[in-house]
Amino acid sequence: MIGAKIGWKLVLAVFTMVVGLVANKAVTTAWKIGSGGKPPKGNEAGYVEVVSWAVASGAAAAVAKRFAEQRAAAYWLRSTGSLPPGFEKEAVQGAAKDVVKA
């Protein structure tokens, strides 16, 4: 069980890093295209620009994290034939909620 947890954390970390790098590059490129300049850093921009960048990069990070978790879980399931550690409980809870809604 401990080996599976460590293995899952490693798989998730790799997926998260790769997807995070791609998301960061995508949001930075979109910012450059949209604004015509580099993303703001430090004290070189106004509040609106800084807040806009924070919202854009935060949203991209959240979407990337969710995408990485889904892809890593699918990979884990294909590789091992079972759900990743911690997902079993979530799957049972989700199924119970579906039954209650019906």
# chains A, B, ... in the order shown; residues from 1 in each chain; ligands from 1
$ residues_around --residues "Lys65 of chain A" --least-positions-apart "6" --cutoff "8 Å" --atoms "only C-alpha atoms" --output "VMD selection string"
chain A and resid 16 19 to 20
$ write_last_selection --atoms "N, CA and C atoms" --output "PDB file, in the first residue's frame"
ATOM      1  N   THR A  16       1.897  16.503 -13.448  1.00  0.00           N
ATOM      2  CA  THR A  16       1.638  17.882 -13.046  1.00  0.00           C
ATOM      3  C   THR A  16       2.734  18.819 -13.536  1.00  0.00           C
ATOM      4  N   VAL A  19       2.389  19.137 -17.534  1.00  0.00           N
ATOM      5  CA  VAL A  19       1.202  19.923 -17.895  1.00  0.00           C
ATOM      6  C   VAL A  19       1.342  21.358 -17.396  1.00  0.00           C
ATOM      7  N   GLY A  20       1.932  21.545 -16.232  1.00  0.00           N
ATOM      8  CA  GLY A  20       2.142  22.886 -15.700  1.00  0.00           C
ATOM      9  C   GLY A  20       3.067  23.723 -16.573  1.00  0.00           C
TER      10      GLY A  20
END
$ residues_around --residues "Lys5 of chain A" --least-positions-apart "6" --cutoff "12 Å" --atoms "only C-alpha atoms" --output "number ranges by chain"
A: 11-12, 76, 83-87
$ atom_distance --atom1 "atom CA of Ser35 of chain A" --atom2 "atom CA of Ser52 of chain A"
10.9 Å
$ select_by_dssp --residues "chain A" --states "helix (DSSP H, G or I)" --output "PyMOL selection string"
chain A and resi 2-35+47-80+87-101
